[in-house]
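A.B. asks: So that you have it, the file is protein19.tsv, and it contains TSV, C-alpha atoms:
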```tsv
chain	number	residue	atom	x	y	z
A	1	MET	CA	34.77	-65.04	-11.31
A	2	PRO	CA	33.04	-64.25	-14.47
A	3	LYS	CA	33.46	-60.75	-15.61
A	4	VAL	CA	30.28	-58.74	-15.72
A	5	LYS	CA	30.16	-56.87	-18.90
A	6	ILE	CA	28.49	-53.54	-18.68
A	7	PRO	CA	27.04	-52.65	-22.01
A	8	ARG	CA	28.16	-49.31	-23.22
A	9	LYS	CA	25.42	-46.79	-23.64
A	10	SER	CA	25.71	-43.56	-25.43
A	11	THR	CA	25.55	-40.46	-23.28
A	12	ASN	CA	23.38	-38.64	-25.76
A	13	ILE	CA	20.03	-37.76	-24.28
A	14	ASP	CA	17.06	-36.62	-26.23
A	15	MET	CA	16.87	-32.93	-25.46
A	16	THR	CA	13.56	-32.32	-27.17
A	17	ALA	CA	11.47	-32.77	-24.04
A	18	MET	CA	13.69	-30.53	-21.98
A	19	CYS	CA	13.61	-27.90	-24.67
A	20	ASP	CA	9.84	-28.06	-24.68
A	21	VAL	CA	9.70	-27.54	-20.96
A	22	ALA	CA	12.12	-24.64	-21.07
A	23	PHE	CA	10.18	-22.76	-23.68
A	24	LEU	CA	6.87	-23.57	-22.05
A	25	LEU	CA	8.11	-22.03	-18.83
A	26	LEU	CA	9.53	-19.11	-20.73
A	27	SER	CA	6.27	-18.36	-22.48
A	28	PHE	CA	4.40	-18.77	-19.20
A	29	PHE	CA	6.57	-16.23	-17.42
A	30	ILE	CA	6.35	-13.75	-20.24
A	31	LEU	CA	2.58	-13.97	-20.42
A	32	ALA	CA	1.92	-14.21	-16.70
A	33	THR	CA	3.80	-11.09	-15.71
A	34	LYS	CA	1.69	-8.01	-16.05
A	35	GLN	CA	3.30	-5.29	-18.04
A	36	LYS	CA	3.77	-2.47	-15.59
A	37	PRO	CA	3.50	0.99	-17.09
A	38	PRO	CA	6.74	2.88	-16.64
A	39	GLU	CA	6.60	4.95	-13.51
A	40	VAL	CA	6.95	8.62	-14.15
A	41	LEU	CA	7.30	9.51	-10.53
A	42	SER	CA	9.80	7.49	-8.64
A	43	VAL	CA	8.47	6.73	-5.20
A	44	LYS	CA	9.84	4.22	-2.75
A	45	THR	CA	6.91	3.15	-0.67
A	46	PRO	CA	7.34	2.17	2.97
A	47	SER	CA	6.97	-1.47	3.89
A	48	SER	CA	4.05	-2.68	5.92
A	49	VAL	CA	2.65	-5.95	7.23
A	50	SER	CA	-0.66	-5.24	5.55
A	51	ALA	CA	-1.52	-7.85	2.96
A	52	LYS	CA	-4.41	-6.26	1.09
A	53	ALA	CA	-4.08	-6.26	-2.67
A	54	THR	CA	-4.18	-3.06	-4.68
A	55	PRO	CA	-7.37	-2.47	-6.65
A	56	ASP	CA	-7.23	-2.47	-10.46
A	57	LYS	CA	-8.68	0.99	-10.78
A	58	SER	CA	-7.63	3.65	-8.40
A	59	ILE	CA	-7.54	7.33	-7.70
A	60	LEU	CA	-3.96	7.65	-6.67
A	61	ILE	CA	-2.38	10.54	-4.86
A	62	THR	CA	1.36	10.32	-5.10
A	63	LEU	CA	3.55	12.06	-2.59
A	64	THR	CA	7.15	12.34	-3.68
A	65	LYS	CA	10.24	12.55	-1.52
A	66	GLU	CA	10.34	16.32	-2.02
A	67	GLY	CA	6.81	16.65	-0.71
A	68	LYS	CA	5.14	17.31	-4.05
A	69	VAL	CA	1.66	15.96	-4.59
A	70	PHE	CA	0.46	14.44	-7.84
A	71	LEU	CA	-2.96	13.11	-8.68
A	72	MET	CA	-3.58	10.19	-11.01
A	73	LEU	CA	-7.12	9.46	-12.01
A	74	GLY	CA	-6.96	5.80	-12.83
A	75	ASP	CA	-10.63	5.14	-13.54
A	76	GLU	CA	-10.90	5.88	-17.26
A	77	THR	CA	-14.69	5.84	-17.22
A	78	LYS	CA	-14.87	8.70	-14.75
A	79	LYS	CA	-11.70	10.59	-15.56
A	80	SER	CA	-13.21	13.03	-18.03
A	81	ALA	CA	-16.21	13.68	-15.79
A	82	ILE	CA	-13.92	14.54	-12.88
A	83	ILE	CA	-11.80	16.88	-14.98
A	84	GLU	CA	-14.87	18.62	-16.39
A	85	ASP	CA	-16.26	18.97	-12.89
A	86	VAL	CA	-13.06	20.61	-11.68
A	87	ASN	CA	-13.07	22.92	-14.69
A	88	LYS	CA	-16.63	23.94	-13.97
A	89	THR	CA	-16.52	24.27	-10.18
A	90	ARG	CA	-13.15	26.05	-10.05
A	91	ASN	CA	-13.96	28.17	-13.11
A	92	LEU	CA	-10.69	27.30	-14.83
A	93	GLN	CA	-11.98	28.23	-18.31
A	94	LEU	CA	-10.03	25.56	-20.09
A	95	SER	CA	-10.72	25.24	-23.79
A	96	ALA	CA	-11.91	22.01	-25.37
A	97	THR	CA	-8.44	21.14	-26.62
A	98	GLU	CA	-6.90	21.87	-23.27
A	99	LEU	CA	-9.47	19.67	-21.59
A	100	ALA	CA	-8.74	16.88	-24.02
A	101	LYS	CA	-5.04	17.22	-23.32
A	102	LEU	CA	-5.62	17.09	-19.59
A	103	LYS	CA	-7.77	13.99	-19.97
A	104	LYS	CA	-4.99	12.31	-21.85
A	105	ALA	CA	-2.37	13.23	-19.27
A	106	GLU	CA	-1.35	10.47	-16.92
A	107	TYR	CA	-1.20	12.70	-13.88
A	108	VAL	CA	-1.99	16.17	-12.69
A	109	GLY	CA	0.84	17.89	-10.91
A	110	VAL	CA	0.42	21.65	-11.25
A	111	PRO	CA	-1.60	24.26	-9.38
A	112	PHE	CA	-4.78	25.52	-11.02
A	113	ASN	CA	-3.22	28.82	-12.09
A	114	GLN	CA	-0.41	27.01	-13.94
A	115	LEU	CA	-2.65	24.44	-15.55
A	116	LYS	CA	-3.28	26.46	-18.69
A	117	SER	CA	0.37	27.17	-19.40
A	118	TYR	CA	1.30	23.60	-18.57
A	119	LEU	CA	-1.20	22.22	-21.05
A	120	ASN	CA	-0.13	24.64	-23.76
A	121	SER	CA	3.54	23.93	-23.30
A	122	PRO	CA	4.98	22.69	-26.60
A	123	THR	CA	7.45	20.38	-24.93
A	124	GLU	CA	6.77	17.77	-22.31
A	125	ILE	CA	7.71	19.08	-18.90
A	126	PRO	CA	9.34	16.39	-16.76
A	127	ALA	CA	7.51	15.50	-13.56
A	128	ALA	CA	10.49	16.47	-11.43
A	129	SER	CA	10.23	20.12	-12.44
A	130	LEU	CA	6.49	20.41	-11.81
A	131	ALA	CA	5.25	22.17	-8.72
A	132	GLY	CA	2.76	19.55	-7.64
A	133	ILE	CA	-0.77	20.20	-6.46
A	134	PRO	CA	-0.72	22.61	-3.54
A	135	CYS	CA	-2.28	21.08	-0.46
A	136	ASP	CA	-1.07	23.18	2.46
A	137	THR	CA	-3.43	24.87	4.85
A	138	THR	CA	-3.40	28.22	3.09
A	139	ASN	CA	-4.03	26.93	-0.40
A	140	ASN	CA	-5.45	23.44	-0.47
A	141	GLU	CA	-6.29	22.70	-4.10
A	142	LEU	CA	-6.22	18.98	-3.52
A	143	THR	CA	-9.44	19.40	-1.57
A	144	TYR	CA	-11.16	20.71	-4.71
A	145	TRP	CA	-9.87	17.82	-6.77
A	146	ILE	CA	-11.15	15.34	-4.22
A	147	ARG	CA	-14.45	17.24	-4.05
A	148	SER	CA	-14.88	16.78	-7.78
A	149	VAL	CA	-14.07	13.10	-7.38
A	150	THR	CA	-16.76	12.76	-4.73
A	151	ASN	CA	-19.18	14.75	-6.88
A	152	VAL	CA	-18.70	12.40	-9.80
A	153	TYR	CA	-18.95	9.29	-7.66
A	154	ALA	CA	-21.92	10.65	-5.71
A	155	GLY	CA	-24.40	8.07	-6.96
A	156	GLU	CA	-21.96	5.16	-6.86
A	157	ASP	CA	-21.08	2.65	-4.22
A	158	GLN	CA	-19.17	4.66	-1.63
A	159	ARG	CA	-17.48	1.57	-0.29
A	160	LYS	CA	-15.96	0.97	-3.66
A	161	LEU	CA	-14.77	4.56	-3.87
A	162	GLN	CA	-13.07	4.25	-0.51
A	163	GLU	CA	-11.22	1.21	-1.71
A	164	MET	CA	-10.06	3.12	-4.76
A	165	LEU	CA	-8.63	6.08	-2.91
A	166	LEU	CA	-4.94	5.44	-2.55
A	167	VAL	CA	-2.13	7.50	-1.18
A	168	LYS	CA	1.27	6.46	-2.37
A	169	GLY	CA	3.87	8.24	-0.37
A	170	ASP	CA	7.62	8.01	-0.42
A	171	GLY	CA	9.01	6.64	2.84
A	172	GLU	CA	11.17	9.70	3.23
A	173	ALA	CA	8.40	12.22	2.63
A	174	LEU	CA	7.73	14.32	5.68
A	175	TYR	CA	4.61	13.67	7.69
A	176	PRO	CA	3.06	17.18	7.58
A	177	VAL	CA	2.49	16.88	3.82
A	178	PHE	CA	0.80	13.56	4.35
A	179	LYS	CA	-1.30	15.17	7.04
A	180	ASN	CA	-2.40	17.80	4.54
A	181	ILE	CA	-3.53	15.05	2.17
A	182	LYS	CA	-5.36	13.44	5.06
A	183	ASP	CA	-7.02	16.74	5.84
A	184	SER	CA	-8.10	17.17	2.22
A	185	PHE	CA	-9.85	13.84	2.43
A	186	LYS	CA	-11.37	14.80	5.74
A	187	ALA	CA	-12.63	18.09	4.34
A	188	ASN	CA	-14.64	16.05	1.87
A	189	GLU	CA	-15.91	13.77	4.59
A	190	ILE	CA	-13.81	10.86	3.48
A	191	PHE	CA	-12.55	9.16	6.58
A	192	LYS	CA	-11.23	6.01	5.03
A	193	PHE	CA	-8.54	5.63	2.45
A	194	ARG	CA	-5.59	3.42	1.77
A	195	ILE	CA	-1.86	3.77	1.73
A	196	VAL	CA	0.21	1.94	-0.87
A	197	THR	CA	2.94	-0.07	0.79
A	198	GLU	CA	5.44	-2.76	0.05
A	199	GLY	CA	4.52	-6.16	1.43
A	200	GLU	CA	6.26	-7.51	4.48
A	201	ALA	CA	5.71	-10.60	6.63
A	202	ALA	CA	4.20	-10.22	10.08
A	203	PRO	CA	6.83	-10.84	12.75
A	204	ALA	CA	6.67	-14.33	14.22
A	205	GLY	CA	4.95	-14.68	17.58
A	206	SER	CA	3.10	-11.37	17.39
A	207	GLU	CA	-0.64	-10.97	17.79
A	208	LEU	CA	-1.02	-10.30	14.09
A	209	ALA	CA	0.92	-13.41	13.09
A	210	LYS	CA	-1.32	-15.47	15.37
A	211	ALA	CA	-4.45	-13.86	13.96
A	212	GLN	CA	-3.29	-14.51	10.40
A	213	LYS	CA	-2.52	-18.10	11.25
A	214	SER	CA	-5.90	-18.74	12.84
A	215	GLY	CA	-7.56	-17.04	9.89
A	216	GLU	CA	-5.92	-19.42	7.48
A	217	LYS	CA	-7.11	-22.51	9.30
B	1	MET	CA	27.99	-30.44	-30.00
B	2	ALA	CA	25.74	-29.35	-32.78
B	3	GLU	CA	26.40	-32.26	-34.99
B	4	VAL	CA	24.17	-33.71	-37.56
B	5	GLU	CA	24.68	-37.36	-37.82
B	6	ILE	CA	25.23	-38.55	-41.29
B	7	LYS	CA	24.80	-42.17	-41.97
B	8	LYS	CA	26.69	-43.21	-44.96
B	9	SER	CA	24.81	-45.59	-47.07
B	10	SER	CA	26.98	-48.46	-47.94
B	11	SER	CA	25.07	-49.99	-50.78
B	12	GLY	CA	23.44	-47.26	-52.70
B	13	ASN	CA	25.68	-45.22	-54.86
B	14	LYS	CA	23.15	-43.49	-56.99
B	15	ARG	CA	20.69	-42.80	-54.17
B	16	MET	CA	20.91	-39.69	-52.09
B	17	ASN	CA	22.55	-39.99	-48.72
B	18	LYS	CA	19.98	-40.46	-45.99
B	19	LYS	CA	20.38	-37.85	-43.32
B	20	THR	CA	18.87	-38.17	-39.90
B	21	THR	CA	16.64	-35.32	-38.85
B	22	ARG	CA	17.86	-35.41	-35.27
B	23	VAL	CA	19.27	-32.10	-34.20
B	24	ASP	CA	21.12	-31.60	-30.97
B	25	LEU	CA	18.84	-29.40	-28.92
B	26	THR	CA	21.24	-28.70	-26.07
B	27	PRO	CA	22.05	-25.11	-27.10
B	28	MET	CA	18.38	-24.39	-27.55
B	29	VAL	CA	17.66	-25.64	-24.03
B	30	ASP	CA	20.48	-23.50	-22.75
B	31	LEU	CA	19.03	-20.48	-24.44
B	32	GLY	CA	15.57	-21.26	-23.13
B	33	PHE	CA	16.67	-21.44	-19.53
B	34	LEU	CA	18.83	-18.39	-19.92
B	35	LEU	CA	15.81	-16.40	-21.05
B	36	ILE	CA	13.71	-17.80	-18.22
B	37	THR	CA	16.23	-16.71	-15.63
B	38	PHE	CA	16.46	-13.32	-17.28
B	39	PHE	CA	12.71	-12.77	-17.20
B	40	VAL	CA	12.33	-14.06	-13.68
B	41	PHE	CA	14.99	-11.74	-12.37
B	42	THR	CA	13.93	-8.64	-14.24
B	43	THR	CA	10.20	-8.74	-13.49
B	44	THR	CA	9.22	-7.73	-10.02
B	45	MET	CA	6.79	-10.36	-8.92
B	46	ALA	CA	5.78	-8.58	-5.73
B	47	GLN	CA	2.75	-6.39	-6.35
B	48	PRO	CA	2.39	-3.38	-4.08
B	49	LYS	CA	0.03	-3.83	-1.18
B	50	VAL	CA	-2.28	-1.36	0.45
B	51	MET	CA	-2.85	-0.46	4.04
B	52	GLY	CA	-6.21	0.82	5.20
B	53	LEU	CA	-6.41	3.94	7.31
B	54	ASN	CA	-9.50	5.05	9.16
B	55	GLU	CA	-9.89	8.56	10.41
B	56	PRO	CA	-12.15	9.61	13.25
B	57	ILE	CA	-14.95	12.06	12.60
B	58	ASP	CA	-14.03	15.21	14.48
B	59	THR	CA	-17.55	16.22	15.39
B	60	ILE	CA	-18.24	13.18	17.55
B	61	PRO	CA	-17.30	13.95	21.16
B	62	ASN	CA	-14.53	11.82	22.57
B	63	ASP	CA	-15.39	9.17	25.10
B	64	GLU	CA	-13.91	9.25	28.53
B	65	ILE	CA	-10.78	7.15	28.79
B	66	CYS	CA	-9.06	5.98	31.90
B	67	ASN	CA	-5.97	7.92	32.78
B	68	SER	CA	-3.65	5.00	33.22
B	69	CYS	CA	-4.74	3.32	29.98
B	70	VAL	CA	-3.19	5.95	27.74
B	71	LEU	CA	0.16	5.81	26.10
B	72	THR	CA	1.23	8.70	23.92
B	73	VAL	CA	3.84	8.17	21.25
B	74	LEU	CA	5.58	11.15	19.70
B	75	LEU	CA	7.37	10.51	16.44
B	76	ASP	CA	10.44	12.63	16.12
B	77	LYS	CA	13.09	13.15	13.48
B	78	ASP	CA	15.67	10.47	12.63
B	79	ASP	CA	13.23	7.67	13.51
B	80	GLN	CA	13.29	8.63	17.18
B	81	ILE	CA	10.28	7.94	19.35
B	82	SER	CA	9.43	9.70	22.59
B	83	TYR	CA	6.63	8.30	24.69
B	84	TYR	CA	4.89	8.95	27.95
B	85	GLU	CA	2.13	7.25	29.91
B	86	GLY	CA	-1.02	8.89	31.13
B	87	MET	CA	-2.19	12.44	30.71
B	88	LEU	CA	0.04	15.33	29.88
B	89	GLU	CA	-1.25	17.45	32.79
B	90	ASN	CA	0.48	15.16	35.27
B	91	PHE	CA	3.87	15.78	33.68
B	92	PRO	CA	4.76	12.15	33.13
B	93	PRO	CA	8.39	11.19	32.51
B	94	VAL	CA	9.17	11.08	28.82
B	95	LYS	CA	11.22	8.15	27.61
B	96	GLN	CA	12.94	7.52	24.32
B	97	THR	CA	12.89	4.48	22.13
B	98	LEU	CA	13.38	3.38	18.54
B	99	PHE	CA	11.54	1.42	15.88
B	100	ALA	CA	12.80	-2.03	16.74
B	101	VAL	CA	11.53	-5.33	18.05
B	102	ASN	CA	12.89	-4.60	21.51
B	103	GLY	CA	12.07	-0.91	21.13
B	104	ILE	CA	8.57	0.39	20.58
B	105	ARG	CA	7.03	-3.07	20.26
B	106	GLU	CA	8.26	-4.06	23.69
B	107	VAL	CA	6.93	-0.79	25.12
B	108	LEU	CA	3.51	-1.33	23.58
B	109	LEU	CA	3.28	-4.94	24.73
B	110	GLN	CA	4.35	-4.03	28.26
B	111	LYS	CA	1.79	-1.24	28.43
B	112	LYS	CA	-0.89	-3.53	27.10
B	113	GLU	CA	-0.07	-6.07	29.78
B	114	LYS	CA	-0.11	-3.34	32.43
B	115	VAL	CA	-3.56	-2.20	31.29
B	116	ARG	CA	-4.77	-5.79	31.36
B	117	VAL	CA	-3.59	-6.16	34.96
B	118	THR	CA	-5.13	-2.90	36.17
B	119	THR	CA	-8.46	-2.85	34.33
B	120	GLY	CA	-8.84	-6.50	33.49
B	121	ASP	CA	-9.17	-5.87	29.77
B	122	ALA	CA	-6.17	-5.29	27.51
B	123	ASN	CA	-8.47	-3.64	24.97
B	124	ASP	CA	-8.92	-0.63	27.26
B	125	PHE	CA	-5.47	0.43	26.12
B	126	VAL	CA	-5.56	3.63	24.12
B	127	LEU	CA	-2.60	4.60	22.00
B	128	ILE	CA	-2.25	8.21	20.95
B	129	ILE	CA	0.06	8.73	18.00
B	130	LYS	CA	1.50	12.17	17.47
B	131	PRO	CA	3.71	12.35	14.41
B	132	GLY	CA	6.05	15.31	14.57
B	133	GLU	CA	6.89	17.76	11.84
B	134	ARG	CA	10.18	16.06	11.11
B	135	SER	CA	8.88	12.51	11.10
B	136	THR	CA	8.50	10.74	7.79
B	137	MET	CA	5.86	8.75	6.00
B	138	GLN	CA	7.90	5.64	6.80
B	139	ASN	CA	7.67	6.40	10.53
B	140	PHE	CA	3.93	6.81	10.29
B	141	VAL	CA	3.43	3.57	8.39
B	142	ASP	CA	5.76	1.80	10.82
B	143	ILE	CA	3.78	2.89	13.85
B	144	MET	CA	0.52	1.90	12.15
B	145	ASP	CA	2.16	-1.45	11.53
B	146	GLU	CA	2.96	-1.78	15.21
B	147	VAL	CA	-0.69	-1.09	15.94
B	148	ALA	CA	-1.67	-3.93	13.61
B	149	ILE	CA	1.08	-6.26	14.82
B	150	ASN	CA	0.26	-5.85	18.49
B	151	ASP	CA	-3.50	-5.85	17.93
B	152	ILE	CA	-4.13	-2.48	19.52
B	153	ARG	CA	-7.84	-1.80	19.22
B	154	HIS	CA	-7.96	1.85	20.16
B	155	TYR	CA	-5.62	4.35	18.69
B	156	TYR	CA	-5.87	7.95	17.75
B	157	ILE	CA	-3.73	10.04	15.45
B	158	SER	CA	-3.20	13.49	16.82
B	159	GLU	CA	-0.85	16.42	16.51
B	160	ILE	CA	2.06	17.47	18.66
B	161	ASN	CA	0.90	20.48	20.67
B	162	ALA	CA	2.80	23.16	22.55
B	163	THR	CA	2.82	21.24	25.82
B	164	ASP	CA	4.27	18.19	24.11
B	165	LYS	CA	6.98	20.31	22.60
B	166	LYS	CA	7.83	21.74	25.99
B	167	LEU	CA	7.96	18.30	27.48
B	168	ILE	CA	10.36	16.97	24.88
B	169	HIS	CA	12.40	20.12	24.93
B	170	PHE	CA	13.05	19.98	28.69
B	171	GLN	CA	14.22	16.44	28.65
```
Let's see the structure in the file written out as structure tokens.

C.D. replies:
Amino acid sequence: MPKVKIPRKSTNIDMTAMCDVAFLLLSFFILATKQKPPEVLSVKTPSSVSAKATPDKSILITLTKEGKVFLMLGDETKKSAIIEDVNKTRNLQLSATELAKLKKAEYVGVPFNQLKSYLNSPTEIPAASLAGIPCDTTNNELTYWIRSVTNVYAGEDQRKLQEMLLVKGDGEALYPVFKNIKDSFKANEIFKFRIVTEGEAAPAGSELAKAQKSGEK
Amino acid sequence: MAEVEIKKSSSGNKRMNKKTTRVDLTPMVDLGFLLITFFVFTTTMAQPKVMGLNEPIDTIPNDEICNSCVLTVLLDKDDQISYYEGMLENFPPVKQTLFAVNGIREVLLQKKEKVRVTTGDANDFVLIIKPGERSTMQNFVDIMDEVAINDIRHYYISEINATDKKLIHFQ
């Protein structure tokens, strides 16, 4: 039998193409991921089967584990108008510099009577030591904030406003505080708002899973 | 591995040695993939989702609902659920369950089936949700999820009243 000679080939492979792919993927992942602003308030949202996406701009009410309420006015175009409206309607008598400071702030988390001292504080007060916006039945300041929001958005598309109103609550926050937030919305005749949740798949075989499946077809 | 092949020229002695420009790219590939894995693992790809919540307008009078179509769910502390069928005036037996597939979901599906048998339309089922003072946001979202999962058309979010409290207390 004649011997079959297998020609020896070098095991060196040209790595250039692989290198190209690796860095292409790398640059894609870096560019594709949105830079999330660092979260000042740590909130672990409950999971839900709802699959609606969060809007880009939002008026976000954050409810922390301790039951404190913070307000974030995410719509930059309306933020200053809302703050000025609150200043005017609640007669807060904030000076121009204080107003400017408040407009720059990422969130509001103090009662009206502490707002002045909070804004004039030389050092940054961490969110954990703030009192939050009072929203209980005796002193519901959140209602006034939401009223100002509705005042500013009065001429706008109300549907859009409803989509922007978000409540982001910690899973461990107690329900009564959430109810107070709900009531503040209700007091301003807002009956629809949204809750920020973590995505979760609908359980197999349930009505929702069937509905989602038929919707996809 | 990072070798640069040098081909020795055999003839030329005055000419410069010709070097190949081929560089071993293996370490660079390694680095590239390492960075990819790092970025993929550190960035949270899952964006938060939102859940819609509609509130009834209080001023509109409530419609009449059939007595046997109602199921009231009371959310208690430690993820406990108490529930009873029908109206409170009849002192229905209060049962306990949990947030689980064979817990509250089973209860809701059974009640829905019962309503379908008695009235002919499963959508006559009315769920009344009463979150207690010790229940959490997670409990509330979970029960709203169950509403969505089981396609319950009519639900109402209410408060635990004194009679409810009595009923749970005497269990």

A.B. asks: List as a CSV table (one decimal) with C-alpha atoms, in the frame of the given file the protein and nucleic acid residues near stretch 137-143 of chain B, meaning an atom at most 7 Å away when only C-alpha atoms are counted, but skip any in the same chain fewer than 6 places from it.

C.D. replies:
```csv
chain,number,residue,atom,x,y,z
A,46,PRO,CA,7.3,2.2,3.0
A,48,SER,CA,4.0,-2.7,5.9
A,169,GLY,CA,3.9,8.2,-0.4
A,170,ASP,CA,7.6,8.0,-0.4
A,171,GLY,CA,9.0,6.6,2.8
A,172,GLU,CA,11.2,9.7,3.2
A,173,ALA,CA,8.4,12.2,2.6
A,174,LEU,CA,7.7,14.3,5.7
A,175,TYR,CA,4.6,13.7,7.7
B,79,ASP,CA,13.2,7.7,13.5
B,131,PRO,CA,3.7,12.4,14.4
```

A.B. asks: Tell me, as an mmCIF file with C-alpha atoms, in the frame of the given file, which residues lie within 9 Å of B:Gly86, counting all atoms listed in the file; anything in the same chain fewer than 2 positions away does not count.

C.D. replies:
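Listing of result_10.cif after writing:
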```cif
data_model
loop_
_atom_site.group_PDB
_atom_site.id
_atom_site.type_symbol
_atom_site.label_atom_id
_atom_site.label_comp_id
_atom_site.auth_asym_id
_atom_site.auth_seq_id
_atom_site.Cartn_x
_atom_site.Cartn_y
_atom_site.Cartn_z
ATOM 1 C CA CYS B 66 -9.060 5.980 31.900
ATOM 2 C CA ASN B 67 -5.970 7.920 32.780
ATOM 3 C CA SER B 68 -3.650 5.000 33.220
ATOM 4 C CA CYS B 69 -4.740 3.320 29.980
ATOM 5 C CA VAL B 70 -3.190 5.950 27.740
ATOM 6 C CA LEU B 71 0.160 5.810 26.100
ATOM 7 C CA THR B 72 1.230 8.700 23.920
ATOM 8 C CA TYR B 84 4.890 8.950 27.950
ATOM 9 C CA LEU B 88 0.040 15.330 29.880
ATOM 10 C CA GLU B 89 -1.250 17.450 32.790
ATOM 11 C CA ASN B 90 0.480 15.160 35.270
ATOM 12 C CA PHE B 91 3.870 15.780 33.680
ATOM 13 C CA PRO B 92 4.760 12.150 33.130
#
```

A.B. asks: Give as an MDAnalysis selection string every residue, naming chains and numbers as the document does, that has an atom within 9 Å of (-5.0, 20.8, -4.3), counting only C-alpha atoms.

C.D. replies: chainID A and resid 69 110:112 132:136 139:146 181 184

A.B. asks: Taking all atoms listed in the file into account and nothing else, which residues of chain A lie no more than 8 Å away from chain B? Please answer as a VMD selection string.

C.D. replies: chain A and resid 14 to 16 18 to 19 22 to 23 25 to 26 29 to 30 33 45 to 54 166 169 to 176 178 186 191 to 199 202 to 203 206 to 209

A.B. asks: Give the padded box for stretch 171-182 of chain A as AutoDock Vina command-line options: axis-aligned, covering all atoms listed in the file, 5 Å on each side, centre and edge lengths in Å to one decimal.

C.D. replies:
```
--center_x 2.9 --center_y 12.2 --center_z 4.9 --size_x 26.5 --size_y 21.2 --size_z 15.5
```

A.B. asks: List the spatial neighbours of A:Lys88 as JSON, numbers by chain - criterion: any atom at most 12 Å away, all atoms listed in the file, same-chain residues fewer than 3 positions off excluded.

C.D. replies: {"A": [81, 82, 83, 84, 85, 91, 92, 93, 94, 95, 99, 144, 145, 148, 151]}

A.B. asks: Quick one: residues within 8 Å of stretch 57-61 of chain A, only C-alpha atoms, excluding same-chain residues fewer than 5 positions away - as a PyMOL selection string?

C.D. replies: chain A and resi 69-75+163-168

A.B. asks: Mind pulling up the distance from atom CA of B:Tyr156 to atom CA of B:Lys130?

C.D. replies: 8.5 Å

A.B. asks: Please compute the atom CA of B:Ser158-atom CA of A:Lys68 distance, one decimal, in Å.

C.D. replies: 22.8 Å

A.B. asks: So how many Å separate atom CA of B:Leu127 and atom CA of B:Tyr155, to one decimal?

C.D. replies: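 Value for the atom CA of B:Leu127-atom CA of B:Tyr155 distance: 4.5 Å.
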
A.B. asks: Of the candidates B:Met16, B:Ile81, B:Val126, B:Val94, which one gets nearest to B:Lys111 if we count all atoms listed in the file?

C.D. replies: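 Using all atoms listed in the file, the shortest distance to B:Lys111 belongs to B:Val126.
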